[in-house]
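Okay, start-v1.cif now, which holds mmCIF, C-alpha atoms:
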data_run
loop_
_atom_site.label_atom_id
_atom_site.label_comp_id
_atom_site.auth_asym_id
_atom_site.auth_seq_id
_atom_site.Cartn_x
_atom_site.Cartn_y
_atom_site.Cartn_z
CA MET W 282 2.43 -76.90 23.60
CA GLN W 283 -0.68 -77.30 25.67
CA GLU W 284 -2.28 -74.07 26.75
CA GLN W 285 -3.12 -75.62 30.12
CA SER W 286 0.58 -76.19 30.85
CA LEU W 287 1.40 -72.53 30.31
CA GLN W 288 -1.52 -71.42 32.42
CA THR W 289 -0.21 -73.55 35.29
CA VAL W 290 3.19 -71.92 34.85
CA PHE W 291 1.58 -68.48 34.87
CA ALA W 292 -0.38 -69.20 38.05
CA LEU W 293 2.71 -70.33 39.97
CA LEU W 294 4.77 -67.45 38.61
CA THR W 295 2.36 -64.68 39.49
CA GLU W 296 1.85 -66.06 43.00
CA TRP W 297 5.63 -66.03 43.50
CA TYR W 298 5.99 -62.59 41.89
CA HIS W 299 3.51 -60.91 44.24
CA VAL W 300 5.60 -62.07 47.20
CA TYR W 301 9.19 -61.78 45.94
CA LYS W 302 9.25 -59.04 43.29
CA ARG W 303 11.77 -56.25 43.71
CA ASP W 304 10.44 -52.80 44.56
CA LEU W 305 11.38 -50.87 41.42
CA PRO W 306 10.23 -47.31 40.65
CA TRP W 307 8.60 -48.18 37.32
CA ARG W 308 6.49 -50.81 39.07
CA ARG W 309 4.81 -48.12 41.15
CA THR W 310 3.05 -46.51 38.20
CA LYS W 311 0.52 -47.26 35.49
CA ASP W 312 1.58 -44.24 33.43
CA PRO W 313 2.21 -45.69 29.93
CA TYR W 314 4.87 -43.07 29.22
CA ALA W 315 6.86 -43.89 32.37
CA ILE W 316 6.57 -47.63 31.67
CA TRP W 317 7.74 -47.07 28.08
CA VAL W 318 10.74 -45.03 29.27
CA SER W 319 11.74 -47.77 31.73
CA GLU W 320 11.43 -50.55 29.16
CA ILE W 321 13.63 -48.74 26.65
CA MET W 322 16.23 -47.89 29.30
CA LEU W 323 16.31 -51.47 30.60
CA GLN W 324 17.24 -52.91 27.22
CA GLN W 325 20.87 -54.08 27.54
CA THR W 326 21.33 -52.14 30.81
CA ARG W 327 21.37 -53.33 34.43
CA VAL W 328 18.45 -52.42 36.68
CA GLU W 329 20.59 -50.64 39.30
CA ALA W 330 22.26 -48.56 36.60
CA VAL W 331 18.90 -47.50 35.16
CA LYS W 332 17.33 -46.19 38.40
CA PRO W 333 19.03 -42.74 38.53
CA TYR W 334 18.64 -42.24 34.77
CA TYR W 335 14.94 -43.06 34.97
CA ALA W 336 14.34 -40.58 37.81
CA ARG W 337 16.33 -37.80 36.14
CA PHE W 338 14.74 -38.35 32.71
CA LEU W 339 11.18 -38.16 34.05
CA GLU W 340 12.01 -35.17 36.20
CA GLU W 341 13.24 -33.17 33.20
CA LEU W 342 10.85 -34.66 30.61
CA PRO W 343 7.74 -35.68 32.59
CA THR W 344 5.37 -36.09 29.63
CA ILE W 345 5.35 -37.22 26.02
CA ARG W 346 4.98 -33.57 24.98
CA HIS W 347 8.14 -32.61 26.89
CA LEU W 348 10.07 -35.41 25.15
CA ALA W 349 8.71 -34.50 21.72
CA GLU W 350 9.68 -30.85 22.10
CA ALA W 351 13.07 -31.33 23.80
CA ASP W 352 16.32 -30.30 22.14
CA GLU W 353 18.29 -33.32 20.91
CA GLU W 354 21.39 -32.30 22.87
CA GLN W 355 19.27 -32.35 26.05
CA ILE W 356 17.98 -35.87 25.50
CA LEU W 357 21.43 -37.14 24.57
CA LYS W 358 22.87 -35.59 27.72
CA LEU W 359 20.13 -37.23 29.82
CA TRP W 360 20.99 -40.55 28.14
CA GLU W 361 24.75 -40.12 28.54
CA GLY W 362 26.25 -43.33 29.88
CA LEU W 363 23.35 -45.63 28.95
CA GLY W 364 24.72 -46.27 25.46
CA TYR W 365 22.81 -47.25 22.33
CA TYR W 366 21.83 -43.63 21.71
CA SER W 367 19.57 -44.56 18.81
CA ARG W 368 17.12 -45.77 21.48
CA VAL W 369 16.48 -42.28 22.85
CA ARG W 370 16.43 -40.72 19.37
CA ASN W 371 13.79 -43.26 18.37
CA MET W 372 11.86 -42.45 21.56
CA GLN W 373 11.75 -38.79 20.61
CA ALA W 374 10.64 -39.64 17.07
CA ALA W 375 7.88 -41.84 18.53
CA ALA W 376 6.87 -39.05 20.94
CA LYS W 377 6.43 -36.74 17.95
CA GLN W 378 4.31 -39.41 16.25
CA ILE W 379 2.15 -39.70 19.36
CA MET W 380 1.70 -35.91 19.51
CA ALA W 381 0.70 -35.79 15.84
CA GLU W 382 -1.46 -38.91 15.62
CA TYR W 383 -2.77 -39.64 19.13
CA ASP W 384 -3.15 -36.22 20.75
CA GLY W 385 -0.15 -36.80 22.97
CA LYS W 386 -1.49 -39.99 24.56
CA MET W 387 0.16 -43.39 24.29
CA PRO W 388 -2.17 -45.55 22.16
CA ALA W 389 -3.82 -48.38 24.09
CA ASP W 390 -3.57 -50.61 21.04
CA HIS W 391 -0.88 -53.23 20.35
CA LYS W 392 -0.78 -52.69 16.58
CA ALA W 393 -0.59 -48.92 17.04
CA LEU W 394 2.29 -49.33 19.48
CA LEU W 395 4.18 -51.44 16.94
CA ARG W 396 3.88 -48.63 14.39
CA LEU W 397 5.78 -46.22 16.64
CA LYS W 398 9.45 -45.61 15.91
CA GLY W 399 11.76 -47.87 17.91
CA ILE W 400 9.01 -50.04 19.41
CA GLY W 401 9.26 -53.72 18.54
CA PRO W 402 7.29 -56.76 19.69
CA TYR W 403 8.92 -56.89 23.14
CA THR W 404 8.33 -53.24 24.07
CA ALA W 405 4.86 -53.23 22.54
CA GLY W 406 3.95 -56.33 24.56
CA ALA W 407 5.38 -54.87 27.77
CA VAL W 408 3.59 -51.52 27.47
CA ALA W 409 0.33 -53.08 26.24
CA SER W 410 0.21 -55.61 29.07
CA ILE W 411 1.58 -53.58 31.99
CA ALA W 412 -0.02 -50.21 31.24
CA PHE W 413 -3.23 -51.30 29.50
CA SER W 414 -3.82 -54.92 30.67
CA LEU W 415 -3.87 -56.22 27.10
CA PRO W 416 -3.06 -59.93 26.54
CA PHE W 417 0.27 -59.70 24.71
CA ALA W 418 3.59 -61.36 25.49
CA ALA W 419 6.84 -59.48 26.09
CA VAL W 420 9.50 -62.00 25.07
CA ASP W 421 13.14 -61.13 25.73
CA GLY W 422 16.23 -63.17 26.58
CA ASN W 423 15.05 -63.74 30.15
CA VAL W 424 11.73 -65.15 28.98
CA LEU W 425 13.33 -67.35 26.33
CA ARG W 426 15.75 -68.78 28.89
CA VAL W 427 13.00 -69.54 31.42
CA MET W 428 10.67 -71.11 28.88
CA SER W 429 13.46 -73.13 27.27
CA ARG W 430 14.40 -74.64 30.63
CA VAL W 431 10.89 -75.24 31.92
CA PHE W 432 9.91 -77.13 28.76
CA ALA W 433 13.41 -78.46 27.85
CA ASP W 434 12.90 -76.77 24.50
CA GLU W 435 15.62 -77.57 21.95
CA ARG W 436 14.87 -74.67 19.60
CA ASP W 437 17.70 -72.18 19.00
CA ILE W 438 16.77 -68.93 20.76
CA MET W 439 19.07 -66.95 18.44
CA LEU W 440 16.62 -67.62 15.62
CA GLN W 441 13.83 -65.11 15.14
CA GLN W 442 11.39 -67.94 14.39
CA THR W 443 11.94 -69.34 17.91
CA LYS W 444 11.15 -66.01 19.53
CA LYS W 445 8.10 -65.59 17.30
CA ALA W 446 6.86 -69.08 18.19
CA TRP W 447 7.13 -68.36 21.93
CA GLU W 448 5.31 -65.05 21.50
CA GLU W 449 2.43 -66.86 19.80
CA GLU W 450 2.30 -69.65 22.37
CA ILE W 451 2.30 -67.26 25.32
CA ASN W 452 -0.24 -64.96 23.66
CA ASP W 453 -2.62 -67.89 23.21
CA ALA W 454 -2.50 -68.66 26.94
CA LEU W 455 -2.64 -65.07 28.25
CA THR W 456 -5.62 -63.08 29.40
CA GLY W 457 -5.55 -59.32 29.85
CA GLU W 458 -6.26 -59.62 33.56
CA ILE W 459 -2.93 -61.34 34.28
CA ALA W 460 -0.80 -60.34 31.28
CA GLY W 461 1.13 -57.53 32.96
CA ASP W 462 1.98 -59.61 36.02
CA VAL W 463 2.92 -62.66 33.94
CA ASN W 464 5.30 -60.68 31.74
CA GLN W 465 6.92 -58.98 34.71
CA ALA W 466 7.12 -62.26 36.63
CA LEU W 467 8.90 -63.95 33.73
CA MET W 468 11.36 -61.06 33.49
CA GLU W 469 11.89 -61.11 37.27
CA LEU W 470 12.49 -64.85 37.42
CA GLY W 471 14.96 -64.67 34.55
CA ALA W 472 16.81 -61.75 36.14
CA THR W 473 17.03 -63.03 39.72
CA VAL W 474 16.60 -66.84 39.77
CA CYS W 475 16.90 -68.42 36.32
CA VAL W 476 19.90 -66.20 35.68
CA PRO W 477 21.78 -65.64 32.40
CA ASN W 478 25.31 -66.17 33.73
CA GLY W 479 26.18 -69.03 36.02
CA GLU W 480 24.08 -71.75 37.61
CA PRO W 481 20.34 -71.06 38.01
CA LYS W 482 19.12 -70.82 41.60
CA CYS W 483 16.74 -73.74 41.23
CA GLU W 484 16.17 -74.07 44.98
CA ASN W 485 14.45 -70.66 44.90
CA CYS W 486 12.41 -71.27 41.76
CA PRO W 487 8.61 -71.57 41.97
CA LEU W 488 8.64 -73.65 38.75
CA ARG W 489 11.15 -76.33 39.73
CA THR W 490 8.44 -78.99 40.17
CA LEU W 491 7.37 -78.37 36.56
CA CYS W 492 10.77 -77.64 35.04
CA LEU W 493 11.87 -80.42 32.71
CA ALA W 494 15.48 -79.20 32.60
CA TYR W 495 15.59 -79.33 36.42
CA GLN W 496 14.07 -82.80 36.44
CA LYS W 497 16.67 -83.97 33.92
CA GLY W 498 19.40 -82.43 36.04
CA ASN W 499 20.80 -80.39 33.15
CA PRO W 500 19.39 -76.81 33.24
CA MET W 501 22.68 -75.38 31.97
CA GLN W 502 22.15 -77.17 28.65
CA TYR W 503 19.29 -74.76 28.00
CA PRO W 504 18.61 -72.56 26.20
CA VAL W 505 20.09 -73.81 22.96
CA LYS W 506 22.00 -70.89 21.53
CA SER W 507 24.02 -70.76 18.32
CA GLU W 508 27.38 -68.97 18.28
CA LYS W 509 27.49 -65.24 17.57
CA LYS W 510 29.78 -63.92 14.87
CA PRO W 511 33.06 -62.62 16.33
CA ARG W 512 33.28 -58.86 16.81
CA THR W 513 35.33 -56.69 14.47
CA LYS W 514 38.37 -55.19 16.23
CA GLU W 515 39.45 -51.61 15.60
CA TYR W 516 42.69 -50.08 16.94
CA LEU W 517 42.68 -46.34 17.68
CA SER W 518 44.88 -43.57 19.03
CA VAL W 519 42.66 -41.34 21.19
CA CYS W 520 43.71 -37.84 22.25
CA PHE W 521 42.66 -35.91 25.33
CA MET W 522 43.66 -32.57 23.84
CA THR W 523 43.80 -29.33 25.84
CA ASP W 524 45.14 -25.81 25.47
CA GLY W 525 45.41 -25.59 29.25
CA LYS W 526 41.90 -24.28 29.86
CA ARG W 527 39.69 -25.89 27.22
CA ILE W 528 39.33 -29.41 25.84
CA ALA W 529 38.89 -30.43 22.21
CA LEU W 530 35.74 -32.33 21.27
CA ARG W 531 34.56 -33.45 17.86
CA LYS W 532 31.09 -34.38 16.63
CA ARG W 533 30.70 -37.73 14.94
CA ASP W 534 28.98 -38.25 11.60
CA SER W 535 25.19 -38.25 11.46
CA LYS W 536 25.07 -41.94 10.51
CA GLY W 537 26.64 -45.08 11.88
CA LEU W 538 28.09 -45.97 15.28
CA LEU W 539 27.50 -43.26 17.95
CA ALA W 540 25.92 -41.01 15.32
CA ASN W 541 25.92 -37.27 16.09
CA LEU W 542 27.57 -37.71 19.48
CA TRP W 543 30.60 -35.80 20.74
CA GLU W 544 33.91 -37.62 21.04
CA LEU W 545 37.56 -37.19 21.87
CA PRO W 546 39.65 -36.73 18.70
CA HIS W 547 41.18 -39.96 17.46
CA VAL W 548 42.72 -41.63 14.42
CA PRO W 549 43.40 -45.23 13.41
CA LYS W 550 46.42 -46.53 15.30
CA GLU W 551 48.50 -46.92 12.15
CA TYR W 552 48.08 -43.19 11.44
CA ALA W 553 51.03 -41.41 13.12
CA LEU W 554 50.12 -38.61 15.55
CA PRO W 555 52.35 -36.00 13.81
CA MET W 556 50.36 -36.60 10.63
CA ALA W 557 47.11 -36.18 12.58
CA PHE W 558 48.41 -32.96 14.16
CA ALA W 559 49.18 -31.55 10.70
CA ASP W 560 45.63 -32.33 9.58
CA TRP W 561 44.20 -30.82 12.76
CA GLY W 562 46.19 -27.58 12.68
CA ILE W 563 48.24 -28.45 15.77
CA GLN W 564 51.65 -26.76 15.34
CA GLN W 565 53.29 -27.53 18.68
CA ALA W 566 52.27 -29.88 21.48
CA GLU W 567 53.56 -31.93 24.40
CA ILE W 568 52.49 -35.58 24.41
CA LYS W 569 52.11 -37.81 27.47
CA ASN W 570 51.01 -41.44 27.46
CA MET W 571 47.77 -42.39 29.20
CA ARG W 572 46.37 -45.80 30.09
CA GLY W 573 45.07 -47.78 27.14
CA GLN W 574 41.42 -48.79 27.14
CA LYS W 575 39.11 -51.30 25.51
CA HIS W 576 35.42 -50.76 24.83
CA ILE W 577 33.03 -53.41 23.55
CA PHE W 578 30.05 -52.56 21.39
CA THR W 579 27.59 -55.17 20.13
CA HIS W 580 29.54 -55.97 16.96
CA ILE W 581 32.79 -54.01 17.37
CA GLU W 582 35.66 -53.83 19.86
CA TRP W 583 37.69 -50.66 20.21
CA HIS W 584 41.27 -51.09 21.43
CA MET W 585 42.50 -47.61 22.30
CA ASP W 586 45.93 -46.18 22.96
CA ALA W 587 45.41 -42.86 24.77
CA TYR W 588 47.46 -39.65 24.87
CA PHE W 589 47.32 -36.42 26.84
CA ILE W 590 48.06 -33.63 24.36
CA ASN W 591 49.02 -30.23 25.77
CA VAL W 592 48.70 -27.90 22.76
CA LYS W 593 51.19 -25.02 22.72
CA ALA W 594 50.43 -23.55 19.29
CA MET W 595 47.66 -24.12 16.72
CA THR W 596 45.85 -22.61 13.78
CA ASP W 597 42.21 -23.28 12.93
CA THR W 598 41.25 -26.74 14.15
CA PRO W 599 38.23 -28.90 13.26
CA PHE W 600 37.24 -29.17 16.93
CA GLU W 601 34.88 -27.60 19.41
CA TRP W 602 36.98 -26.23 22.29
CA VAL W 603 34.95 -26.34 25.50
CA THR W 604 35.54 -25.73 29.19
CA ILE W 605 35.16 -28.55 31.68
CA GLU W 606 31.94 -26.98 32.97
CA GLU W 607 30.48 -26.73 29.46
CA ALA W 608 31.40 -30.34 28.72
CA LYS W 609 29.70 -31.58 31.89
CA GLU W 610 26.52 -29.56 31.35
CA LYS W 611 25.93 -29.67 27.60
CA TYR W 612 27.89 -32.37 25.82
CA ALA W 613 27.02 -36.07 25.83
CA LEU W 614 30.22 -38.10 25.70
CA PRO W 615 29.87 -41.82 24.92
CA SER W 616 30.95 -44.36 27.55
CA ALA W 617 33.76 -45.52 25.26
CA PHE W 618 35.71 -42.37 26.14
CA LYS W 619 34.75 -41.98 29.82
CA LYS W 620 37.85 -43.51 31.42
CA ILE W 621 40.18 -41.57 29.12
CA TRP W 622 38.17 -38.43 29.87
CA ALA W 623 38.42 -38.95 33.63
CA GLU W 624 42.18 -39.60 33.52
CA GLY W 625 42.65 -36.59 31.24
CA LEU W 626 40.82 -34.32 33.69
CA ASP W 627 43.08 -35.53 36.50
CA MET W 628 46.17 -34.83 34.41
CA LEU W 629 44.85 -31.38 33.45
CA GLU W 630 44.27 -30.59 37.12
CA ASP W 631 47.84 -31.68 37.92
CA MET W 632 49.17 -29.52 35.11
CA GLU W 633 47.28 -26.46 36.36
CA TYR W 634 48.61 -27.07 39.89
CA GLU W 635 52.20 -27.29 38.65
CA GLN W 636 51.83 -24.06 36.67
CA MET W 637 50.47 -22.25 39.74
CA HIS W 638 53.50 -23.30 41.82
CA LEU W 639 56.27 -22.57 39.35
#
In structure tokens, write the structure found in this file.
Amino acid sequence: MQEQSLQTVFALLTEWYHVYKRDLPWRRTKDPYAIWVSEIMLQQTRVEAVKPYYARFLEELPTIRHLAEADEEQILKLWEGLGYYSRVRNMQAAAKQIMAEYDGKMPADHKALLRLKGIGPYTAGAVASIAFSLPFAAVDGNVLRVMSRVFADERDIMLQQTKKAWEEEINDALTGEIAGDVNQALMELGATVCVPNGEPKCENCPLRTLCLAYQKGNPMQYPVKSEKKPRTKEYLSVCFMTDGKRIALRKRDSKGLLANLWELPHVPKEYALPMAFADWGIQQAEIKNMRGQKHIFTHIEWHMDAYFINVKAMTDTPFEWVTIEEAKEKYALPSAFKKIWAEGLDMLEDMEYEQMHL
């Protein structure tokens, strides 16, 4: 691809970006730490959803030192609802690296950024270009979609070699002076105009006179994208379990999906609840049905039957029994359980009201 063609694209993009970019909080700073936090939060999460998390996170952990020294339960609670908790654990590990190796300052070096835990080519390119004006691409799905359409590129964007090739081509055409704006403009165009779902808004696109897919009249044929493997489905029986005042939580294993997070007790659907109660030390309980739920992870789908369990008698159980206030303040509960949790709280409130008026 000719470097001159990309430079023309960059010029049109940055001119458009300066006029039409959204006013987002992380665009009002050059603090590398704040930019890093925003980039990690924005991975697989909508912009509007990130805004309150970003503000709260930086308020409680305003510097790399604060993040490095924070208790893990605190950072997980701050991240609660964003999902992909390994992202914030990796951020803390990287913060500790930065404290140990770079005197608490984000390194203004692309290779050094790539050596930090949890920072790959996209995040390294974003931080390097936006915070330090270094000429490195930040190629994500938005960028791949825009570039594939503009150049009618037939390469499969699901292949790592395609992403790598675009990184190299964009790097060759970038200069440090414009790199940050180019990367943000590409992200912005892909998020608001050359959108991932549905028809692109070509009438609003600053690149439509150059876009080969637009000229061919077939932008929806791009990008070329091979099929993902189907998700594994798991069927669970999930229990909102209470003794009338406290709620049972359980900590997940230290490895695997949702590692080290707190959860509502559950068993595979084929495992009868009376058998689970025997294992859990529940001797007597009332069971009410709750609404079933489905939660989709990247590679797994959970299909959950849900039950409100009012425990009347128990021996030692393998759970942490916490009050509602403790759960809200200290315990990070994954999004997979949020709807069951909310319905369970409503049912607990109704139960307490009935008991008061007997």
Set out as a tab-separated table a contact list for range 582-607 of chain W and range 618-622 of chain W with a cut-off of 12 Å, giving each residue of range 582-607 of chain W that qualifies its closest atom pair and distance in Å to one decimal, counting all atoms listed in the file, ordered by chain and rising residue number.
residue	atom	partner	partner_atom	distance
W:Trp583	CA	W:Phe618	CA	10.4
W:His584	CA	W:Phe618	CA	11.4
W:Met585	CA	W:Phe618	CA	9.4
W:Asp586	CA	W:Ile621	CA	9.6
W:Ala587	CA	W:Ile621	CA	6.9
W:Tyr588	CA	W:Ile621	CA	8.6
W:Phe589	CA	W:Ile621	CA	9.1
W:Ile605	CA	W:Trp622	CA	10.5
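When the PyMOL selection byres ((chain W and resi 610) around 12) is run on the displayed coordinates, the residues it returns are Glu354, Gln355, Leu357, Lys358, Leu359, Glu361, Val603, Thr604, Ile605, Glu606, Glu607, Ala608, Lys609, Lys611, Tyr612, Ala613 and Leu614 of chain W.
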Can you list every residue of range 453-529 of chain W that has an atom at most 12 Å from range 327-330 of chain W, with its nearest atom pair and the distance in Å to one decimal, using only C-alpha atoms, ordered by chain then number, as a Markdown table?
| residue | atom | partner | partner_atom | distance |
| --- | --- | --- | --- | --- |
| W:Met468 | CA | W:Val328 | CA | 11.6 |
| W:Glu469 | CA | W:Val328 | CA | 10.9 |
| W:Ala472 | CA | W:Val328 | CA | 9.5 |
| W:Thr473 | CA | W:Val328 | CA | 11.1 |
Just the selected residues (C-alpha atoms), exported as a short mmCIF file (atom, residue, chain, number, x, y, z; two decimals), in the frame of the given file, please.
data_model
loop_
_atom_site.label_atom_id
_atom_site.label_comp_id
_atom_site.auth_asym_id
_atom_site.auth_seq_id
_atom_site.Cartn_x
_atom_site.Cartn_y
_atom_site.Cartn_z
CA MET W 468 11.36 -61.06 33.49
CA GLU W 469 11.89 -61.11 37.27
CA ALA W 472 16.81 -61.75 36.14
CA THR W 473 17.03 -63.03 39.72
#
So which one's closest to Val474 in chain W, W:Gln502, W:Ala405, W:Val427, W:Trp360? Using all atoms listed in the file, please. W:Val427
Enumerate, as a VMD selection string, the residues matched when the PyMOL selection byres ((chain W and resi 430) around 9) is run on the file above. chain W and resid 425 to 429 431 to 434 475 492 to 495 499 to 504
Nearest to Trp543 in chain W among W:Ile379, W:Ala623, W:Val420, W:Ile528, with distances taken over all atoms listed in the file: which residue is it? W:Ile528
Which is closer to Asp421 in chain W than all the others in W:Pro487, W:Gly537, W:Pro481, W:Gly401, using all atoms listed in the file? W:Gly401
Work out how far CA of Gly364 in chain W is from CA of Leu629 in chain W, in Å to one decimal. 26.3 Å
